[in-house]
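Visitor: Quick one, target35.txt (compact mmCIF, C-alpha atoms):
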```txt
# COMPACT_ATOMS: atom_id res chain seq x y z
CA GLU R 1 55.24 -164.07 111.29
CA THR R 2 57.91 -161.55 112.28
CA LEU R 3 60.02 -162.91 115.13
CA MET R 4 62.25 -159.90 115.81
CA SER R 5 62.76 -156.66 113.99
CA GLY R 6 64.40 -157.39 110.66
CA ILE R 7 64.12 -161.16 111.02
CA THR R 8 61.23 -162.73 109.17
CA HIS R 9 60.57 -166.42 109.25
CA ILE R 10 59.85 -167.60 105.71
CA GLU R 11 59.37 -171.14 104.53
CA ILE R 12 61.06 -171.35 101.11
CA ARG R 13 59.74 -174.46 99.39
CA GLU R 14 62.36 -174.67 96.63
CA SER R 15 65.76 -176.16 97.37
CA ALA R 16 68.93 -174.09 96.96
CA GLU R 17 69.73 -176.20 93.86
CA GLU R 18 66.32 -175.49 92.29
CA LEU R 19 66.73 -171.78 92.93
CA GLN R 20 70.24 -171.85 91.46
CA ALA R 21 68.94 -173.59 88.32
CA LEU R 22 66.15 -171.02 87.96
CA LEU R 23 68.68 -168.21 88.36
CA GLN R 24 70.70 -169.62 85.43
CA THR R 25 67.71 -169.62 83.09
CA GLU R 26 65.96 -166.38 84.16
CA ASN R 27 66.65 -163.44 81.83
CA HIS R 28 64.42 -160.71 83.24
CA PRO R 29 66.34 -158.45 85.66
CA SER R 30 63.55 -157.97 88.24
CA ALA R 31 62.71 -161.70 88.32
CA LYS R 32 66.41 -162.50 88.69
CA GLU R 33 66.71 -160.16 91.70
CA ARG R 34 63.72 -161.79 93.38
CA LEU R 35 65.17 -165.26 92.82
CA GLN R 36 68.52 -164.06 94.20
CA ALA R 37 66.75 -162.82 97.33
CA LEU R 38 65.17 -166.25 97.87
CA TYR R 39 68.49 -167.95 97.18
CA LEU R 40 70.38 -165.77 99.67
CA ILE R 41 67.81 -166.44 102.38
CA ARG R 42 67.56 -170.17 101.59
CA ALA R 43 71.12 -171.19 100.70
CA GLU R 44 73.24 -168.57 102.47
CA GLN R 45 70.90 -168.42 105.50
CA LEU R 46 70.95 -164.61 105.37
CA THR R 47 68.40 -162.50 107.20
CA VAL R 48 66.05 -160.37 105.10
CA SER R 49 68.07 -157.28 106.09
CA ALA R 50 71.37 -158.89 105.10
CA ALA R 51 69.95 -160.14 101.78
CA ALA R 52 68.55 -156.66 101.09
CA GLN R 53 72.00 -155.19 101.71
CA VAL R 54 73.66 -157.68 99.36
CA LEU R 55 71.12 -156.85 96.61
CA GLY R 56 71.27 -153.11 97.27
CA LYS R 57 67.53 -153.00 98.01
CA HIS R 58 65.53 -151.65 100.92
CA ARG R 59 64.51 -154.25 103.51
CA GLY R 60 60.87 -153.25 102.94
CA THR R 61 61.18 -154.20 99.28
CA LEU R 62 62.31 -157.72 100.18
CA GLN R 63 59.52 -157.97 102.78
CA ARG R 64 57.03 -157.11 100.00
CA TRP R 65 58.55 -159.73 97.69
CA LEU R 66 58.40 -162.35 100.45
CA ALA R 67 54.76 -161.48 101.17
CA ARG R 68 53.99 -162.13 97.49
CA TYR R 69 55.91 -165.40 97.66
CA ARG R 70 53.91 -166.43 100.75
CA GLN R 71 50.64 -165.66 98.95
CA GLY R 72 51.25 -167.52 95.72
CA GLY R 73 54.71 -169.08 95.61
CA LEU R 74 57.18 -168.51 92.79
CA PRO R 75 54.58 -167.77 90.08
CA HIS R 76 53.15 -164.90 92.15
CA LEU R 77 56.60 -163.62 93.13
CA LEU R 78 57.86 -163.57 89.52
CA ALA R 79 54.66 -162.35 87.84
CA ARG R 80 55.23 -159.06 86.02
CA SER R 81 52.52 -156.46 85.94
CA ALA R 82 52.47 -154.27 82.85
CA SER R 83 52.43 -150.54 83.45
CA PRO R 84 49.38 -149.03 81.78
CA GLY R 85 51.37 -146.01 80.58
CA ARG R 86 49.94 -142.61 79.69
CA PRO R 87 46.51 -142.65 78.02
CA ARG R 88 46.52 -141.63 74.36
CA ILE R 89 45.44 -138.11 73.44
CA ILE R 90 43.15 -139.48 70.72
CA PRO R 91 41.15 -142.36 72.26
CA ASP R 92 40.87 -145.70 70.43
CA TRP R 93 37.19 -145.18 69.55
CA ALA R 94 38.07 -141.86 67.85
CA VAL R 95 40.94 -143.53 65.96
CA ARG R 96 38.48 -146.17 64.64
CA CYS R 97 36.07 -143.43 63.49
CA LEU R 98 38.91 -141.57 61.79
CA GLN R 99 40.11 -144.77 60.12
CA LYS R 100 36.62 -145.32 58.65
CA GLN R 101 36.57 -141.72 57.47
CA LEU R 102 39.99 -142.05 55.83
CA GLN R 103 38.94 -145.24 54.00
CA ASP R 104 35.72 -143.66 52.73
CA PRO R 105 36.36 -142.64 49.08
CA GLU R 106 33.96 -139.68 49.58
CA GLY R 107 35.38 -138.54 52.89
CA GLY R 108 39.12 -138.19 52.46
CA PHE R 109 41.15 -135.26 53.70
CA GLU R 110 43.65 -133.11 51.81
CA ARG R 111 45.40 -131.63 54.85
CA TYR R 112 46.13 -132.65 58.44
CA THR R 113 44.51 -129.40 59.61
CA GLN R 114 41.24 -130.68 58.08
CA ILE R 115 41.57 -133.88 60.14
CA GLN R 116 42.23 -131.78 63.25
CA GLN R 117 39.09 -129.78 62.51
CA TRP R 118 37.04 -132.95 61.84
CA LEU R 119 38.18 -134.54 65.12
CA ARG R 120 37.20 -131.36 66.99
CA THR R 121 33.81 -130.77 65.38
CA GLN R 122 32.62 -134.35 64.76
CA LEU R 123 34.09 -136.16 67.76
CA GLY R 124 34.92 -133.42 70.26
CA VAL R 125 38.56 -134.54 70.39
CA GLU R 126 41.25 -131.84 70.69
CA ALA R 127 44.64 -132.85 69.35
CA ASN R 128 47.57 -130.79 68.13
CA TYR R 129 48.86 -130.93 64.57
CA ALA R 130 51.92 -133.08 65.38
CA THR R 131 49.74 -135.67 67.16
CA VAL R 132 47.29 -135.86 64.25
CA HIS R 133 50.13 -136.06 61.72
CA HIS R 134 51.89 -138.87 63.62
CA LEU R 135 48.65 -140.83 64.07
CA VAL R 136 47.59 -140.64 60.42
CA ARG R 137 50.99 -140.94 58.77
CA TYR R 138 52.73 -143.51 60.99
CA ARG R 139 50.20 -145.38 63.15
CA LEU R 140 47.42 -145.64 60.56
CA GLN R 141 49.84 -145.40 57.62
CA ALA R 142 47.20 -143.48 55.68
CA LYS R 143 47.85 -141.10 52.82
CA LEU R 144 46.00 -137.84 52.38
CA LYS R 145 44.13 -137.18 49.16
CA GLY R 146 46.12 -134.70 47.13
CA PRO R 147 44.25 -131.55 46.13
CA GLN R 148 42.09 -132.29 43.08
CA ARG R 149 44.01 -130.74 40.22
CA ARG R 150 42.34 -130.11 36.91
CA LEU R 151 44.34 -130.52 33.73
CA GLN R 152 44.69 -127.16 32.09
CA SER R 153 43.98 -127.06 28.41
CA HIS R 154 46.21 -124.78 26.35
```
Just give me the structure of the file as C-alpha cells.
Guide:
Amino acid sequence: ETLMSGITHIEIRESAEELQALLQTENHPSAKERLQALYLIRAEQLTVSAAAQVLGKHRGTLQRWLARYRQGGLPHLLARSASPGRPRIIPDWAVRCLQKQLQDPEGGFERYTQIQQWLRTQLGVEANYATVHHLVRYRLQAKLKGPQRRLQSH
C-alpha cells in the first residue's frame, strides 16, 4: 500500500463535497479532525505528511486513522471508543448488597464508620470514610438512621 516513505495511496470513497457537508454537521472534535484529514487528502490532494502537518498531528496518527478508514469506511473511522476509566473502590456487587442492607428496616446504620466496618467484615471490601460517605450520601442518596433517642420523663 505504501508507495514511498510518507506517501500512502488511499482510495477515499466520499467526494470532497460530501466530506465538506459532513464537516459542517460534525460536532465532536476528534471526529472533525479525522474528517478534515480525509478532506485534505481528497480535496486538497495533500500527502499524509502534509495533511498531518496542517492538522498539527503526527504522520503516524493519520496513518492509523487511514488504516481504520480502509478497514470499515467512515463509520469505523469516526467510531468513538469509551475509556473504561478507573475501577470503583467499592465494586458494584458490594454496592447492591449495601443498598439492600440500607433498605432493610432492621439493618440500618447510625454512622458511616459502622458501614465501613460492615463492608470490611461482611464483604471484605476496604474503603476509606470519605469514599463510604460519598457513596451512601450522594450516589445512593440514603440517610442514616439517627441514634434511637428515648424520651426522658421528668
Visitor: Mind pulling up the distance from CA of Gln122 in chain R to CA of Leu102 in chain R?
Guide: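 Atom-to-atom, CA of Leu102 in chain R and CA of Gln122 in chain R are spaced 13.9 Å apart.
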Visitor: One number please: CA of Ala21 in chain R to CA of Ser83 in chain R, in Å, one decimal.
Guide: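 Computing the Euclidean distance for CA of Ala21 in chain R and CA of Ser83 in chain R yields 28.8 Å.
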Visitor: Please report the interatomic distance between CA of Pro75 in chain R and CA of Ser49 in chain R in Å with one decimal.
Guide: 23.4 Å
Visitor: Using all atoms listed in the file for the distances, tell me which of R:Glu33, R:Gly124, R:Asp92, R:Leu144 is nearest to Pro105 in chain R.
Guide: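 With all atoms listed in the file as the atom set, the closest residue is R:Leu144.
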Visitor: From the list R:Lys57, R:His133, R:His28, R:Arg34, which residue is nearest Tyr69 in chain R when using only C-alpha atoms?
Guide: R:Arg34
Visitor: What are the nearest atom pairs, with distances in Å to one decimal, for all residues of range 36-137 of chain R that come at most 9 Å from range 15-20 of chain R, using only C-alpha atoms, set out by chain and rising residue number as JSON lines?
Guide:
```
{"residue": "R:Gln36", "atom": "CA", "partner": "R:Leu19", "partner_atom": "CA", "distance": 8.0}
{"residue": "R:Leu38", "atom": "CA", "partner": "R:Leu19", "partner_atom": "CA", "distance": 7.6}
{"residue": "R:Tyr39", "atom": "CA", "partner": "R:Leu19", "partner_atom": "CA", "distance": 6.0}
{"residue": "R:Leu40", "atom": "CA", "partner": "R:Ala16", "partner_atom": "CA", "distance": 8.9}
{"residue": "R:Arg42", "atom": "CA", "partner": "R:Ala16", "partner_atom": "CA", "distance": 6.2}
{"residue": "R:Ala43", "atom": "CA", "partner": "R:Ala16", "partner_atom": "CA", "distance": 5.2}
{"residue": "R:Glu44", "atom": "CA", "partner": "R:Ala16", "partner_atom": "CA", "distance": 8.9}
```
Visitor: Please, could N, CA and C atoms be added to range 82-114 of chain R and the result written as a PDB file, in the coordinates of the input?
Guide:
```pdb
ATOM      1  N   ALA R  82      52.164-155.262  83.878  1.00  0.00           N
ATOM      2  CA  ALA R  82      52.470-154.270  82.850  1.00  0.00           C
ATOM      3  C   ALA R  82      51.991-152.903  83.307  1.00  0.00           C
ATOM      4  N   SER R  83      52.822-151.904  83.130  1.00  0.00           N
ATOM      5  CA  SER R  83      52.430-150.540  83.450  1.00  0.00           C
ATOM      6  C   SER R  83      51.461-150.060  82.373  1.00  0.00           C
ATOM      7  N   PRO R  84      50.355-149.456  82.782  1.00  0.00           N
ATOM      8  CA  PRO R  84      49.380-149.030  81.780  1.00  0.00           C
ATOM      9  C   PRO R  84      49.887-147.890  80.894  1.00  0.00           C
ATOM     10  N   GLY R  85      50.837-147.110  81.377  1.00  0.00           N
ATOM     11  CA  GLY R  85      51.370-146.010  80.580  1.00  0.00           C
ATOM     12  C   GLY R  85      50.398-144.837  80.523  1.00  0.00           C
ATOM     13  N   ARG R  86      50.769-143.808  79.792  1.00  0.00           N
ATOM     14  CA  ARG R  86      49.940-142.610  79.690  1.00  0.00           C
ATOM     15  C   ARG R  86      48.832-142.874  78.680  1.00  0.00           C
ATOM     16  N   PRO R  87      47.593-142.442  78.996  1.00  0.00           N
ATOM     17  CA  PRO R  87      46.510-142.650  78.020  1.00  0.00           C
ATOM     18  C   PRO R  87      46.760-141.831  76.747  1.00  0.00           C
ATOM     19  N   ARG R  88      46.326-142.337  75.620  1.00  0.00           N
ATOM     20  CA  ARG R  88      46.520-141.630  74.360  1.00  0.00           C
ATOM     21  C   ARG R  88      45.651-140.378  74.297  1.00  0.00           C
ATOM     22  N   ILE R  89      46.174-139.365  73.615  1.00  0.00           N
ATOM     23  CA  ILE R  89      45.440-138.110  73.440  1.00  0.00           C
ATOM     24  C   ILE R  89      44.163-138.374  72.638  1.00  0.00           C
ATOM     25  N   ILE R  90      44.309-139.148  71.556  1.00  0.00           N
ATOM     26  CA  ILE R  90      43.150-139.480  70.720  1.00  0.00           C
ATOM     27  C   ILE R  90      42.730-140.898  71.106  1.00  0.00           C
ATOM     28  N   PRO R  91      41.566-141.033  71.776  1.00  0.00           N
ATOM     29  CA  PRO R  91      41.150-142.360  72.260  1.00  0.00           C
ATOM     30  C   PRO R  91      40.921-143.357  71.113  1.00  0.00           C
ATOM     31  N   ASP R  92      41.001-144.644  71.442  1.00  0.00           N
ATOM     32  CA  ASP R  92      40.870-145.700  70.430  1.00  0.00           C
ATOM     33  C   ASP R  92      39.582-145.600  69.621  1.00  0.00           C
ATOM     34  N   TRP R  93      38.466-145.270  70.283  1.00  0.00           N
ATOM     35  CA  TRP R  93      37.190-145.180  69.550  1.00  0.00           C
ATOM     36  C   TRP R  93      37.264-144.078  68.487  1.00  0.00           C
ATOM     37  N   ALA R  94      37.944-142.976  68.805  1.00  0.00           N
ATOM     38  CA  ALA R  94      38.070-141.860  67.850  1.00  0.00           C
ATOM     39  C   ALA R  94      38.986-142.267  66.698  1.00  0.00           C
ATOM     40  N   VAL R  95      40.022-143.054  67.001  1.00  0.00           N
ATOM     41  CA  VAL R  95      40.940-143.530  65.960  1.00  0.00           C
ATOM     42  C   VAL R  95      40.166-144.421  64.987  1.00  0.00           C
ATOM     43  N   ARG R  96      39.283-145.286  65.520  1.00  0.00           N
ATOM     44  CA  ARG R  96      38.480-146.170  64.640  1.00  0.00           C
ATOM     45  C   ARG R  96      37.556-145.346  63.745  1.00  0.00           C
ATOM     46  N   CYS R  97      36.932-144.312  64.300  1.00  0.00           N
ATOM     47  CA  CYS R  97      36.070-143.430  63.490  1.00  0.00           C
ATOM     48  C   CYS R  97      36.872-142.746  62.387  1.00  0.00           C
ATOM     49  N   LEU R  98      38.052-142.256  62.763  1.00  0.00           N
ATOM     50  CA  LEU R  98      38.910-141.570  61.790  1.00  0.00           C
ATOM     51  C   LEU R  98      39.347-142.536  60.700  1.00  0.00           C
ATOM     52  N   GLN R  99      39.676-143.761  61.090  1.00  0.00           N
ATOM     53  CA  GLN R  99      40.110-144.770  60.120  1.00  0.00           C
ATOM     54  C   GLN R  99      39.005-145.007  59.092  1.00  0.00           C
ATOM     55  N   LYS R 100      37.766-145.146  59.557  1.00  0.00           N
ATOM     56  CA  LYS R 100      36.620-145.320  58.650  1.00  0.00           C
ATOM     57  C   LYS R 100      36.524-144.140  57.694  1.00  0.00           C
ATOM     58  N   GLN R 101      36.666-142.945  58.251  1.00  0.00           N
ATOM     59  CA  GLN R 101      36.570-141.720  57.470  1.00  0.00           C
ATOM     60  C   GLN R 101      37.666-141.657  56.404  1.00  0.00           C
ATOM     61  N   LEU R 102      38.864-142.084  56.772  1.00  0.00           N
ATOM     62  CA  LEU R 102      39.990-142.050  55.830  1.00  0.00           C
ATOM     63  C   LEU R 102      39.820-143.081  54.714  1.00  0.00           C
ATOM     64  N   GLN R 103      39.134-144.202  55.014  1.00  0.00           N
ATOM     65  CA  GLN R 103      38.940-145.240  54.000  1.00  0.00           C
ATOM     66  C   GLN R 103      37.762-144.934  53.073  1.00  0.00           C
ATOM     67  N   ASP R 104      36.892-144.028  53.517  1.00  0.00           N
ATOM     68  CA  ASP R 104      35.720-143.660  52.730  1.00  0.00           C
ATOM     69  C   ASP R 104      36.175-142.852  51.511  1.00  0.00           C
ATOM     70  N   PRO R 105      35.901-143.369  50.276  1.00  0.00           N
ATOM     71  CA  PRO R 105      36.360-142.640  49.080  1.00  0.00           C
ATOM     72  C   PRO R 105      35.789-141.218  49.003  1.00  0.00           C
ATOM     73  N   GLU R 106      34.590-141.015  49.586  1.00  0.00           N
ATOM     74  CA  GLU R 106      33.960-139.680  49.580  1.00  0.00           C
ATOM     75  C   GLU R 106      34.579-138.760  50.641  1.00  0.00           C
ATOM     76  N   GLY R 107      35.028-139.369  51.742  1.00  0.00           N
ATOM     77  CA  GLY R 107      35.380-138.540  52.890  1.00  0.00           C
ATOM     78  C   GLY R 107      36.845-138.411  53.195  1.00  0.00           C
ATOM     79  N   GLY R 108      37.693-138.337  52.189  1.00  0.00           N
ATOM     80  CA  GLY R 108      39.120-138.190  52.460  1.00  0.00           C
ATOM     81  C   GLY R 108      39.463-136.776  52.885  1.00  0.00           C
ATOM     82  N   PHE R 109      40.684-136.591  53.293  1.00  0.00           N
ATOM     83  CA  PHE R 109      41.150-135.260  53.700  1.00  0.00           C
ATOM     84  C   PHE R 109      42.348-134.885  52.850  1.00  0.00           C
ATOM     85  N   GLU R 110      42.499-133.576  52.573  1.00  0.00           N
ATOM     86  CA  GLU R 110      43.650-133.110  51.810  1.00  0.00           C
ATOM     87  C   GLU R 110      44.764-132.650  52.734  1.00  0.00           C
ATOM     88  N   ARG R 111      44.394-132.170  53.925  1.00  0.00           N
ATOM     89  CA  ARG R 111      45.400-131.630  54.850  1.00  0.00           C
ATOM     90  C   ARG R 111      45.156-132.142  56.264  1.00  0.00           C
ATOM     91  N   TYR R 112      46.239-132.210  57.039  1.00  0.00           N
ATOM     92  CA  TYR R 112      46.130-132.650  58.440  1.00  0.00           C
ATOM     93  C   TYR R 112      45.292-131.677  59.255  1.00  0.00           C
ATOM     94  N   THR R 113      45.321-130.385  58.877  1.00  0.00           N
ATOM     95  CA  THR R 113      44.510-129.400  59.610  1.00  0.00           C
ATOM     96  C   THR R 113      43.015-129.726  59.448  1.00  0.00           C
ATOM     97  N   GLN R 114      42.639-130.292  58.289  1.00  0.00           N
ATOM     98  CA  GLN R 114      41.240-130.680  58.080  1.00  0.00           C
ATOM     99  C   GLN R 114      40.873-131.837  59.024  1.00  0.00           C
TER     100      GLN R 114
END
```
